[in-house]
$ cat data.txt   # compact mmCIF, C-alpha atoms (C1' of nucleotides)
# COMPACT_ATOMS: atom_id res chain seq x y z
CA MET A 2 28.86 -22.35 -14.46
CA ASN A 3 29.61 -18.86 -15.54
CA ARG A 4 33.34 -19.19 -15.34
CA ASP A 5 33.64 -17.52 -18.71
CA PRO A 6 34.87 -13.95 -18.06
CA ILE A 7 32.90 -12.52 -20.95
CA ASP A 8 29.68 -14.04 -19.66
CA HIS A 9 30.52 -12.77 -16.23
CA PHE A 10 30.93 -9.23 -17.49
CA ILE A 11 27.65 -9.39 -19.37
CA GLU A 12 25.94 -10.74 -16.29
CA GLN A 13 27.29 -7.89 -14.17
CA MET A 14 26.09 -5.33 -16.64
CA GLY A 15 22.66 -6.83 -16.28
CA PHE A 16 22.75 -6.35 -12.54
CA MET A 17 23.81 -2.75 -12.92
CA THR A 18 20.99 -1.72 -15.19
CA GLN A 19 18.67 -3.56 -12.87
CA GLU A 20 19.85 -1.35 -10.02
CA ASP A 21 19.06 1.62 -12.22
CA GLY A 22 15.52 0.46 -12.74
CA LEU A 23 16.12 -0.87 -16.23
CA PRO A 24 15.46 -4.47 -17.21
CA ARG A 25 18.30 -6.84 -16.58
CA ILE A 26 18.28 -7.86 -20.20
CA ALA A 27 18.94 -4.28 -21.28
CA GLY A 28 22.25 -4.33 -19.45
CA GLN A 29 23.15 -7.70 -20.87
CA ILE A 30 22.51 -6.45 -24.38
CA LEU A 31 24.62 -3.38 -23.75
CA GLY A 32 27.39 -5.52 -22.29
CA TYR A 33 27.31 -7.86 -25.24
CA LEU A 34 27.48 -5.03 -27.74
CA ILE A 35 30.32 -3.31 -25.91
CA VAL A 36 32.27 -6.54 -26.02
CA GLU A 37 31.53 -7.14 -29.69
CA GLY A 38 32.30 -3.57 -30.68
CA GLU A 39 30.52 -3.96 -33.99
CA PRO A 40 26.91 -4.02 -35.13
CA ARG A 41 24.97 -7.15 -34.31
CA THR A 42 21.55 -8.18 -35.53
CA LEU A 43 18.58 -8.91 -33.31
CA ALA A 44 18.95 -12.56 -34.27
CA GLU A 45 22.57 -12.59 -33.14
CA ILE A 46 21.68 -10.93 -29.86
CA THR A 47 18.82 -13.35 -29.31
CA GLU A 48 21.13 -16.27 -29.96
CA ALA A 49 24.10 -15.01 -27.93
CA LEU A 50 22.08 -14.17 -24.82
CA ARG A 51 19.50 -16.95 -25.15
CA ILE A 52 16.61 -14.57 -24.84
CA SER A 53 13.37 -14.32 -26.75
CA LYS A 54 13.05 -12.36 -29.95
CA GLY A 55 10.45 -10.19 -28.25
CA SER A 56 12.74 -9.18 -25.44
CA ALA A 57 15.59 -8.41 -27.79
CA SER A 58 13.38 -6.26 -29.95
CA THR A 59 11.75 -4.33 -27.14
CA ASN A 60 14.89 -3.77 -25.12
CA CYS A 61 17.02 -2.72 -28.06
CA ARG A 62 14.45 -0.19 -29.10
CA GLN A 63 14.28 1.22 -25.59
CA LEU A 64 18.05 1.48 -25.35
CA ALA A 65 18.14 3.16 -28.73
CA ASP A 66 15.48 5.63 -27.57
CA LYS A 67 17.70 6.51 -24.66
CA GLY A 68 20.62 7.05 -27.01
CA ILE A 69 22.66 4.21 -25.57
CA LEU A 70 22.49 2.10 -28.74
CA THR A 71 22.34 3.14 -32.35
CA ARG A 72 20.54 1.30 -35.05
CA VAL A 73 22.71 0.74 -38.08
CA ALA A 74 21.90 -0.63 -41.49
CA VAL A 75 24.45 -3.21 -42.48
CA ARG A 76 25.07 -3.42 -46.22
CA GLY A 77 23.71 -6.51 -47.80
CA SER A 78 21.53 -7.50 -44.89
CA ARG A 79 18.00 -6.42 -44.39
CA ALA A 80 18.11 -7.24 -40.71
CA ASP A 81 18.28 -4.38 -38.21
CA SER A 82 21.58 -4.15 -36.44
CA TYR A 83 22.46 -2.36 -33.26
CA MET A 84 25.71 -1.25 -31.71
CA ALA A 85 26.71 0.54 -28.53
CA VAL A 86 27.49 4.22 -28.95
CA THR A 87 31.10 5.25 -28.33
CA ASN A 88 30.50 6.28 -24.78
CA PRO A 89 27.23 4.85 -23.55
CA ALA A 90 27.77 6.12 -20.04
CA GLU A 91 27.45 9.70 -21.18
CA ASP A 92 23.99 9.09 -22.47
CA MET A 93 23.09 7.26 -19.31
CA LEU A 94 24.04 10.30 -17.27
CA ALA A 95 22.21 12.61 -19.61
CA GLY A 96 19.14 10.51 -19.04
CA MET A 97 19.64 10.78 -15.34
CA ALA A 98 19.82 14.54 -15.58
CA ALA A 99 16.55 14.57 -17.47
CA ARG A 100 14.91 12.46 -14.78
CA PHE A 101 16.16 14.78 -12.07
CA ARG A 102 14.78 17.80 -13.83
CA GLN A 103 11.45 16.13 -14.31
CA ARG A 104 11.44 15.19 -10.68
CA ALA A 105 12.09 18.73 -9.55
CA ARG A 106 9.17 19.89 -11.64
CA THR A 107 6.88 17.22 -10.21
CA MET A 108 7.74 18.23 -6.67
CA GLU A 109 7.33 21.93 -7.29
CA ASP A 110 3.95 21.27 -8.85
CA ALA A 111 2.87 19.21 -5.91
CA ALA A 112 4.11 21.77 -3.39
CA SER A 113 2.35 24.64 -5.13
CA ASP A 114 -0.96 22.99 -4.28
CA PHE A 115 -0.27 22.85 -0.56
CA PRO A 116 -2.81 24.84 1.47
CA ALA A 117 -1.62 27.99 3.21
CA ALA A 118 -1.32 26.24 6.57
CA TYR A 119 1.55 24.20 5.13
CA ASP A 120 3.95 27.06 4.47
CA GLY A 121 6.86 25.39 6.16
CA ALA A 122 6.30 22.14 4.33
CA ARG A 123 6.17 23.96 1.03
CA ASP A 124 9.52 25.55 1.74
CA ARG A 125 11.10 22.26 2.63
CA VAL A 126 9.79 20.62 -0.49
CA SER A 127 11.01 23.51 -2.60
CA GLN A 128 14.45 23.22 -1.16
CA PHE A 129 14.45 19.55 -1.93
CA ALA A 130 13.22 20.12 -5.47
CA ASN A 131 15.81 22.78 -5.96
CA PHE A 132 18.59 20.45 -5.17
CA PHE A 133 17.43 18.12 -7.91
CA ARG A 134 17.22 20.93 -10.39
CA THR A 135 20.70 22.15 -9.58
CA SER A 136 22.04 18.63 -9.70
CA ALA A 137 20.54 18.15 -13.13
CA GLU A 138 22.33 21.25 -14.35
CA PHE A 139 25.52 20.02 -12.86
CA LEU A 140 25.19 16.63 -14.50
CA ASP A 141 24.57 18.26 -17.85
CA GLU A 142 27.65 20.35 -17.49
CA TRP A 143 29.69 17.33 -16.55
CA THR A 144 28.33 15.31 -19.44
CA LYS A 145 29.18 18.09 -21.88
CA ARG A 146 32.68 18.34 -20.55
CA ALA A 147 33.15 14.60 -20.89
CA GLN A 148 31.83 14.72 -24.42
CA ARG A 149 34.37 17.40 -25.29
CA GLN A 150 37.15 15.23 -23.89
CA THR A 151 35.95 12.23 -25.87
CA ALA A 152 35.86 14.34 -29.01
CA ASP A 153 39.35 15.71 -28.36
CA SER A 154 40.91 12.31 -27.99
CA GLU A 155 39.73 11.18 -31.39
CA MET B 3 -9.54 9.92 -4.26
CA ASN B 4 -6.17 11.41 -3.67
CA ARG B 5 -7.27 14.96 -4.24
CA ASP B 6 -5.45 15.97 -1.11
CA PRO B 7 -2.27 17.77 -2.23
CA ILE B 8 -0.26 16.45 0.67
CA ASP B 9 -1.21 12.88 -0.13
CA HIS B 10 -0.40 13.53 -3.73
CA PHE B 11 3.07 14.75 -2.88
CA ILE B 12 3.73 11.73 -0.68
CA GLU B 13 2.50 9.44 -3.41
CA GLN B 14 4.83 11.06 -5.94
CA MET B 15 7.77 10.68 -3.62
CA GLY B 16 6.98 6.99 -3.48
CA PHE B 17 7.11 6.71 -7.25
CA MET B 18 10.44 8.48 -7.33
CA THR B 19 12.21 6.20 -4.90
CA GLN B 20 10.69 3.31 -6.77
CA GLU B 21 12.39 4.54 -9.94
CA ASP B 22 15.62 4.59 -7.98
CA GLY B 23 15.24 0.98 -6.98
CA LEU B 24 14.10 1.73 -3.45
CA PRO B 25 10.78 0.52 -2.07
CA ARG B 26 7.87 2.78 -2.74
CA ILE B 27 7.15 3.00 0.92
CA ALA B 28 10.60 4.44 1.57
CA GLY B 29 9.76 7.45 -0.56
CA GLN B 30 6.39 7.86 1.10
CA ILE B 31 8.00 7.90 4.50
CA LEU B 32 10.54 10.45 3.36
CA GLY B 33 7.79 12.58 1.84
CA TYR B 34 5.73 12.41 5.00
CA LEU B 35 8.66 13.40 7.18
CA ILE B 36 9.65 16.27 4.91
CA VAL B 37 6.10 17.58 5.14
CA GLU B 38 5.95 17.19 8.90
CA GLY B 39 9.35 18.73 9.45
CA GLU B 40 9.59 17.31 12.94
CA PRO B 41 10.33 13.92 14.44
CA ARG B 42 7.59 11.32 14.12
CA THR B 43 7.35 7.95 15.77
CA LEU B 44 7.06 4.66 13.95
CA ALA B 45 3.50 4.45 15.21
CA GLU B 46 2.65 7.84 13.74
CA ILE B 47 4.21 6.87 10.43
CA THR B 48 2.36 3.57 10.40
CA GLU B 49 -0.88 5.35 11.10
CA ALA B 50 -0.40 8.22 8.67
CA LEU B 51 0.58 6.06 5.72
CA ARG B 52 -1.61 3.05 6.57
CA ILE B 53 1.27 0.65 6.32
CA SER B 54 2.32 -2.24 8.50
CA LYS B 55 4.51 -1.81 11.52
CA GLY B 56 7.03 -4.13 9.92
CA SER B 57 7.35 -2.03 6.80
CA ALA B 58 7.72 1.17 8.75
CA SER B 59 10.42 -0.33 10.92
CA THR B 60 12.41 -1.88 8.10
CA ASN B 61 12.19 1.04 5.74
CA CYS B 62 13.02 3.66 8.34
CA ARG B 63 16.09 1.75 9.35
CA GLN B 64 17.21 1.43 5.75
CA LEU B 65 16.70 5.11 5.12
CA ALA B 66 18.60 5.93 8.28
CA ASP B 67 21.44 3.65 7.15
CA LYS B 68 21.65 5.63 3.96
CA GLY B 69 21.77 8.86 5.95
CA ILE B 70 18.47 10.14 4.61
CA LEU B 71 16.69 9.97 7.96
CA THR B 72 18.02 10.46 11.44
CA ARG B 73 16.79 8.70 14.51
CA VAL B 74 16.03 11.05 17.32
CA ALA B 75 15.08 10.47 20.92
CA VAL B 76 12.12 12.61 21.85
CA ARG B 77 12.01 13.63 25.50
CA GLY B 78 9.24 11.96 27.43
CA SER B 79 8.54 9.31 24.86
CA ARG B 80 10.12 5.93 24.73
CA ALA B 81 9.23 5.46 21.11
CA ASP B 82 11.88 5.83 18.41
CA SER B 83 11.36 8.86 16.29
CA TYR B 84 12.70 9.67 12.87
CA MET B 85 13.03 12.85 10.90
CA ALA B 86 14.33 13.78 7.46
CA VAL B 87 17.80 15.27 7.50
CA THR B 88 18.05 18.90 6.47
CA ASN B 89 19.03 18.08 2.94
CA PRO B 90 18.28 14.45 2.15
CA ALA B 91 19.21 14.89 -1.49
CA GLU B 92 22.84 15.38 -0.60
CA ASP B 93 23.06 12.00 0.98
CA MET B 94 21.31 10.50 -1.96
CA LEU B 95 23.96 11.90 -4.29
CA ALA B 96 26.73 10.70 -2.04
CA GLY B 97 25.23 7.25 -2.21
CA MET B 98 25.14 7.49 -5.95
CA ALA B 99 28.80 8.36 -6.08
CA ALA B 100 29.60 5.35 -3.96
CA ARG B 101 27.62 3.12 -6.29
CA PHE B 102 29.41 4.51 -9.32
CA ARG B 103 32.76 3.83 -7.79
CA GLN B 104 31.79 0.30 -6.90
CA ARG B 105 30.53 -0.21 -10.40
CA ALA B 106 33.76 0.96 -11.96
CA ARG B 107 35.65 -1.49 -9.81
CA THR B 108 33.35 -4.37 -10.74
CA MET B 109 33.80 -3.66 -14.43
CA GLU B 110 37.57 -3.33 -14.22
CA ASP B 111 37.73 -6.60 -12.37
CA ALA B 112 35.62 -8.30 -14.98
CA ALA B 113 37.63 -6.85 -17.86
CA SER B 114 40.95 -7.88 -16.35
CA ASP B 115 39.91 -11.51 -16.75
CA PHE B 116 39.25 -11.21 -20.49
CA PRO B 117 41.47 -13.52 -22.52
CA ALA B 118 44.14 -11.95 -24.72
CA ALA B 119 42.04 -12.29 -27.84
CA TYR B 120 39.63 -9.74 -26.42
CA ASP B 121 41.99 -6.79 -26.29
CA GLY B 122 39.63 -4.39 -27.98
CA ALA B 123 36.76 -5.38 -25.73
CA ARG B 124 38.90 -4.87 -22.67
CA ASP B 125 39.73 -1.36 -23.79
CA ARG B 126 36.13 -0.51 -24.39
CA VAL B 127 35.10 -1.82 -21.00
CA SER B 128 37.92 0.10 -19.34
CA GLN B 129 36.82 3.29 -20.95
CA PHE B 130 33.31 2.67 -19.75
CA ALA B 131 34.49 1.91 -16.23
CA ASN B 132 36.66 4.95 -16.23
CA PHE B 133 33.78 7.20 -16.96
CA PHE B 134 31.99 5.92 -13.91
CA ARG B 135 35.01 6.44 -11.74
CA THR B 136 35.56 9.97 -12.91
CA SER B 137 31.90 10.73 -12.53
CA ALA B 138 31.99 9.51 -8.97
CA GLU B 139 34.82 11.88 -8.17
CA PHE B 140 32.95 14.71 -9.74
CA LEU B 141 29.80 13.90 -7.81
CA ASP B 142 31.72 13.89 -4.56
CA GLU B 143 33.15 17.28 -5.32
CA TRP B 144 29.73 18.57 -6.19
CA THR B 145 28.18 17.18 -3.04
CA LYS B 146 30.82 18.88 -0.95
CA ARG B 147 30.19 22.16 -2.66
CA ALA B 148 26.46 21.85 -2.07
CA GLN B 149 27.06 21.07 1.58
CA ARG B 150 29.16 24.21 1.89
CA GLN B 151 26.37 26.27 0.38
CA THR B 152 23.83 24.77 2.74
CA ALA B 153 26.11 25.51 5.67
CA ASP B 154 26.65 29.10 4.50
CA SER B 155 22.98 29.88 4.29
CA GLU B 156 22.37 28.92 7.88
C1' DC C 29 5.68 -9.45 39.16
C1' DA C 30 2.06 -8.71 35.50
C1' DA C 31 0.66 -5.81 31.97
C1' DT C 32 1.59 -2.72 28.41
C1' DA C 33 4.11 -0.50 24.85
C1' DT C 34 7.40 -0.66 21.82
C1' DG C 35 10.77 -2.42 17.74
C1' DT C 36 12.37 -6.43 15.09
C1' DT C 37 12.26 -10.50 12.38
C1' DC C 38 10.74 -13.66 9.10
C1' DA C 39 7.65 -16.80 6.59
C1' DA C 40 3.70 -16.19 3.69
C1' DT C 41 1.42 -13.35 0.50
C1' DT C 42 0.73 -9.86 -2.76
C1' DT C 43 2.04 -7.06 -6.30
C1' DG C 44 4.20 -5.36 -10.23
C1' DA C 45 7.44 -5.81 -13.71
C1' DA C 46 10.26 -8.66 -16.88
C1' DT C 47 10.09 -12.15 -20.04
C1' DT C 48 8.31 -15.40 -23.12
C1' DG C 49 6.05 -17.22 -27.15
C1' DA C 50 2.74 -17.18 -30.48
C1' DA C 51 0.19 -14.39 -33.72
C1' DC C 52 0.56 -10.72 -36.73
C1' DG C 53 2.18 -7.52 -40.39
C1' DC C 54 5.37 -5.84 -43.46
C1' DT C 55 8.87 -6.19 -47.09
C1' DG C 56 11.48 -7.95 -50.69
C1' DA C 57 12.58 -12.05 -53.53
C1' DA C 58 11.30 -15.37 -56.79
C1' DT D 22 1.17 -13.83 -56.04
C1' DT D 23 3.18 -16.61 -52.85
C1' DC D 24 6.82 -17.40 -49.79
C1' DA D 25 10.43 -16.62 -46.46
C1' DG D 26 12.68 -13.63 -43.32
C1' DC D 27 12.31 -10.25 -40.19
C1' DG D 28 10.52 -6.99 -36.43
C1' DT D 29 6.68 -5.90 -33.44
C1' DT D 30 3.00 -6.55 -30.29
C1' DC D 31 0.52 -8.30 -26.56
C1' DA D 32 -1.70 -11.71 -23.55
C1' DA D 33 -0.05 -15.19 -20.49
C1' DT D 34 3.52 -16.61 -17.46
C1' DT D 35 7.33 -16.32 -14.48
C1' DC D 36 10.02 -14.19 -11.31
C1' DA D 37 11.74 -11.13 -7.85
C1' DA D 38 10.91 -7.82 -4.61
C1' DA D 39 7.77 -5.33 -1.50
C1' DT D 40 4.63 -5.78 1.98
C1' DT D 41 2.03 -7.80 5.52
C1' DG D 42 0.99 -9.89 9.87
C1' DA D 43 1.90 -12.65 13.52
C1' DA D 44 5.30 -14.26 16.75
C1' DC D 45 8.89 -12.73 19.35
C1' DA D 46 12.18 -9.95 22.26
C1' DT D 47 13.03 -6.15 25.09
C1' DA D 48 12.10 -2.45 27.93
C1' DT D 49 9.02 0.33 30.96
C1' DT D 50 5.33 1.20 34.04
C1' DG D 51 2.53 0.47 38.01
$ encode --input "data.txt" --output "structure tokens"
Amino acid sequence: MNRDPIDHFIEQMGFMTQEDGLPRIAGQILGYLIVEGEPRTLAEITEALRISKGSASTNCRQLADKGILTRVAVRGSRADSYMAVTNPAEDMLAGMAARFRQRARTMEDAASDFPAAYDGARDRVSQFANFFRTSAEFLDEWTKRAQRQTADSE
Amino acid sequence: MNRDPIDHFIEQMGFMTQEDGLPRIAGQILGYLIVEGEPRTLAEITEALRISKGSASTNCRQLADKGILTRVAVRGSRADSYMAVTNPAEDMLAGMAARFRQRARTMEDAASDFPAAYDGARDRVSQFANFFRTSAEFLDEWTKRAQRQTADSE
DNA sequence: CAATATGTTCAATTTGAATTGAACGCTGAA
DNA sequence: TTCAGCGTTCAATTCAAATTGAACATATTG
């Protein structure tokens, strides 16, 4: 089983999103849509990946929320269609940056409640938090640069 | 419950590693060791976090493998001790870069098996893979820069 | 040597999240 | 108005991973 290279790719994409804490199915949907390159309806996705309508619906919406898919209205069909954005990875990194920033904030908040006796600990936590904040900025910068390159090459 | 700010911080760290696909306990251990700032034995960790000896052992080893903790031999004690490295986040980013690179390779491999009829798909996958590869390089560069800064400020 | 203190391993269990499938609601067509 | 097609929701189920706990191995002490 699974000797088909397309299926294999889709499967791998599933594993990757799983590593990132996203449902496996989300990656499979993304993989499928990258391969197809054109809008596909929920029904088509359901059929191609042999998953339930519910999963397709929920996961597509979540991916769209993250900016990795776009919802498109196909003329003459009243079904919702989705397609992968031109460079999905950029949006994935942008999401990562957002998570890092959020994380830094969470840690700073926590550290600010430390009692006075924990001065050293507070400093260490702050340093840690700071690294996340700076990394988030860096990722943003990198994402922007990549976006510019993508735009240029069009 | 959980009004203690230290506990709260440790708890949050657990959630964060969980988001990253690591066990919750791994984050709690890291949080605890950052707070403590000095080597702690497995027994102390077990006791402080109310977790099993097995979990403490396994998770500490995994964190050490990733370079986030270091194992230290404390004079006069035959117990293994662990402490958080000075800047754990750097090692986390380095790990991320490695994963990105691996991912790019996996995708390229998959795409190279696509039949001729899937030319467009292969291109799209390549572009996707390429982004990961380039991002990995960028992350490496960034990590190095951060390490230099850390070194400077010492 | 016996007794104690440690770390590791692994099968069993628990836990939490992904996934399903059926019920529901909306919309447009006839 | 009814019907068919579609997307959404959510309770129940399934599944995978984390966690435990007990058995084990090794080293150290007296």
$ closest_residue --input "data.txt" --among "A:Met84, A:Ala90, A:Ala105, A:Leu70" --to "chain B" --atoms "all atoms listed in the file"
A:Ala90
$ residues_around --input "data.txt" --residues "D:DA38" --least-positions-apart "4" --cutoff "12 Å" --atoms "only C-alpha atoms (C1' of nucleotides)" --output "JSON, numbers by chain"
{"B": [20, 23, 24, 25, 26], "C": [42, 43, 44, 45]}
$ write_last_selection --input "data.txt" --atoms "C-alpha atoms (C1' of nucleotides)" --output "short mmCIF file (atom, residue, chain, number, x, y, z; two decimals), in the frame of the given file"
data_model
loop_
_atom_site.label_atom_id
_atom_site.label_comp_id
_atom_site.auth_asym_id
_atom_site.auth_seq_id
_atom_site.Cartn_x
_atom_site.Cartn_y
_atom_site.Cartn_z
CA GLN B 20 10.69 3.31 -6.77
CA GLY B 23 15.24 0.98 -6.98
CA LEU B 24 14.10 1.73 -3.45
CA PRO B 25 10.78 0.52 -2.07
CA ARG B 26 7.87 2.78 -2.74
"C1'" DT C 42 0.73 -9.86 -2.76
"C1'" DT C 43 2.04 -7.06 -6.30
"C1'" DG C 44 4.20 -5.36 -10.23
"C1'" DA C 45 7.44 -5.81 -13.71
#
$ atom_distance --input "data.txt" --atom1 "atom CA of B:Arg147" --atom2 "atom CA of A:Ser136"
11.3 Å
$ interface_residues --input "data.txt" --of "chain D" --to "chain B" --cutoff "7 Å" --atoms "all atoms listed in the file" --output "PyMOL selection string"
chain D and resi 39-41
$ closest_atom_pairs --input "data.txt" --of "chain A" --to "chain B" --cutoff "9 Å" --atoms "all atoms listed in the file" --output "Markdown table"
| residue | atom | partner | partner_atom | distance |
| --- | --- | --- | --- | --- |
| A:Asp5 | CA | B:Phe116 | CA | 8.6 |
| A:Pro6 | CA | B:Phe116 | CA | 5.7 |
| A:Ile7 | CA | B:Phe116 | CA | 6.5 |
| A:His9 | CA | B:Ala112 | CA | 6.9 |
| A:Phe10 | CA | B:Ala112 | CA | 5.4 |
| A:Gln13 | CA | B:Met109 | CA | 7.8 |
| A:Met14 | CA | B:Met109 | CA | 8.2 |
| A:Met17 | CA | B:Arg105 | CA | 7.6 |
| A:Gln19 | CA | B:Gly23 | CA | 8.2 |
| A:Glu20 | CA | B:Gly23 | CA | 6.0 |
| A:Asp21 | CA | B:Asp22 | CA | 6.2 |
| A:Gly22 | CA | B:Gly23 | CA | 5.8 |
| A:Gly32 | CA | B:Val127 | CA | 8.6 |
| A:Ile35 | CA | B:Arg126 | CA | 6.6 |
| A:Val36 | CA | B:Ala123 | CA | 4.6 |
| A:Glu37 | CA | B:Ala123 | CA | 6.8 |
| A:Gly38 | CA | B:Ala123 | CA | 6.9 |
| A:Thr87 | CA | B:Arg126 | CA | 8.6 |
| A:Asn88 | CA | B:Phe130 | CA | 6.8 |
| A:Pro89 | CA | B:Phe130 | CA | 7.5 |
| A:Ala90 | CA | B:Phe130 | CA | 6.5 |
| A:Glu91 | CA | B:Phe133 | CA | 8.0 |
| A:Arg104 | CA | B:Met18 | CA | 7.6 |
| A:Thr107 | CA | B:Gln14 | CA | 7.8 |
| A:Met108 | CA | B:Phe11 | CA | 6.9 |
| A:Asp110 | CA | B:Phe11 | CA | 8.9 |
| A:Ala111 | CA | B:Phe11 | CA | 5.4 |
| A:Ala112 | CA | B:Phe11 | CA | 7.1 |
| A:Ser113 | CA | B:Pro7 | CA | 8.8 |
| A:Asp114 | CA | B:Pro7 | CA | 5.8 |
| A:Phe115 | CA | B:Pro7 | CA | 5.7 |
| A:Pro116 | CA | B:Pro7 | CA | 8.0 |
| A:Tyr119 | CA | B:Val37 | CA | 8.0 |
| A:Gly121 | CA | B:Gly39 | CA | 7.8 |
| A:Ala122 | CA | B:Val37 | CA | 4.6 |
| A:Arg123 | CA | B:Val37 | CA | 7.6 |
| A:Arg125 | CA | B:Ile36 | CA | 6.6 |
| A:Val126 | CA | B:Ile36 | CA | 6.9 |
| A:Gln128 | CA | B:Asn89 | CA | 8.0 |
| A:Phe129 | CA | B:Ala91 | CA | 6.7 |
| A:Ala130 | CA | B:Ala91 | CA | 8.9 |
| A:Phe132 | CA | B:Ala91 | CA | 6.7 |
| A:Phe133 | CA | B:Ala91 | CA | 7.4 |
| A:Ser136 | CA | B:Trp144 | CA | 8.5 |
| A:Phe139 | CA | B:Trp144 | CA | 8.0 |
| A:Leu140 | CA | B:Leu141 | CA | 8.6 |
| A:Trp143 | CA | B:Phe140 | CA | 8.0 |
| A:Ala147 | CA | B:Phe133 | CA | 8.4 |
$ residues_around --input "data.txt" --residues "C:DT37" --least-positions-apart "2" --cutoff "10 Å" --atoms "only C-alpha atoms (C1' of nucleotides)" --output "number ranges by chain"
B: 56, 60; C: 35, 39; D: 44-46
$ atom_distance --input "data.txt" --atom1 "atom CA of B:Phe17" --atom2 "atom CA of B:Gln104"
25.5 Å
$ atom_distance --input "data.txt" --atom1 "atom CA of A:Thr18" --atom2 "atom CA of A:Glu48"
20.7 Å
$ residues_near_point --input "data.txt" --point "(6.4, -3.7, -36.4)" --cutoff "7 Å" --atoms "all atoms listed in the file" --output "JSON, numbers by chain"
{"C": [53], "D": [28, 29]}
$ write_last_selection --input "data.txt" --atoms "C-alpha atoms (C1' of nucleotides)" --output "mmCIF file, in the coordinates of the input"
data_model
loop_
_atom_site.group_PDB
_atom_site.id
_atom_site.type_symbol
_atom_site.label_atom_id
_atom_site.label_comp_id
_atom_site.auth_asym_id
_atom_site.auth_seq_id
_atom_site.Cartn_x
_atom_site.Cartn_y
_atom_site.Cartn_z
ATOM 1 C "C1'" DG C 53 2.180 -7.520 -40.390
ATOM 2 C "C1'" DG D 28 10.520 -6.990 -36.430
ATOM 3 C "C1'" DT D 29 6.680 -5.900 -33.440
#
$ residues_around --input "data.txt" --residues "C:DT32" --least-positions-apart "6" --cutoff "12 Å" --atoms "only C-alpha atoms (C1' of nucleotides)" --output "list in words"
DA48, DT49, DT50 and DG51 of chain D
$ interface_residues --input "data.txt" --of "chain C" --to "chain A" --cutoff "10 Å" --atoms "all atoms listed in the file" --output "PyMOL selection string"
chain C and resi 45-49+55-56
$ closest_residue --input "data.txt" --among "B:Leu51, B:Leu44, B:Ala75, B:Ala118" --to "B:Arg63" --atoms "all atoms listed in the file"
B:Leu44
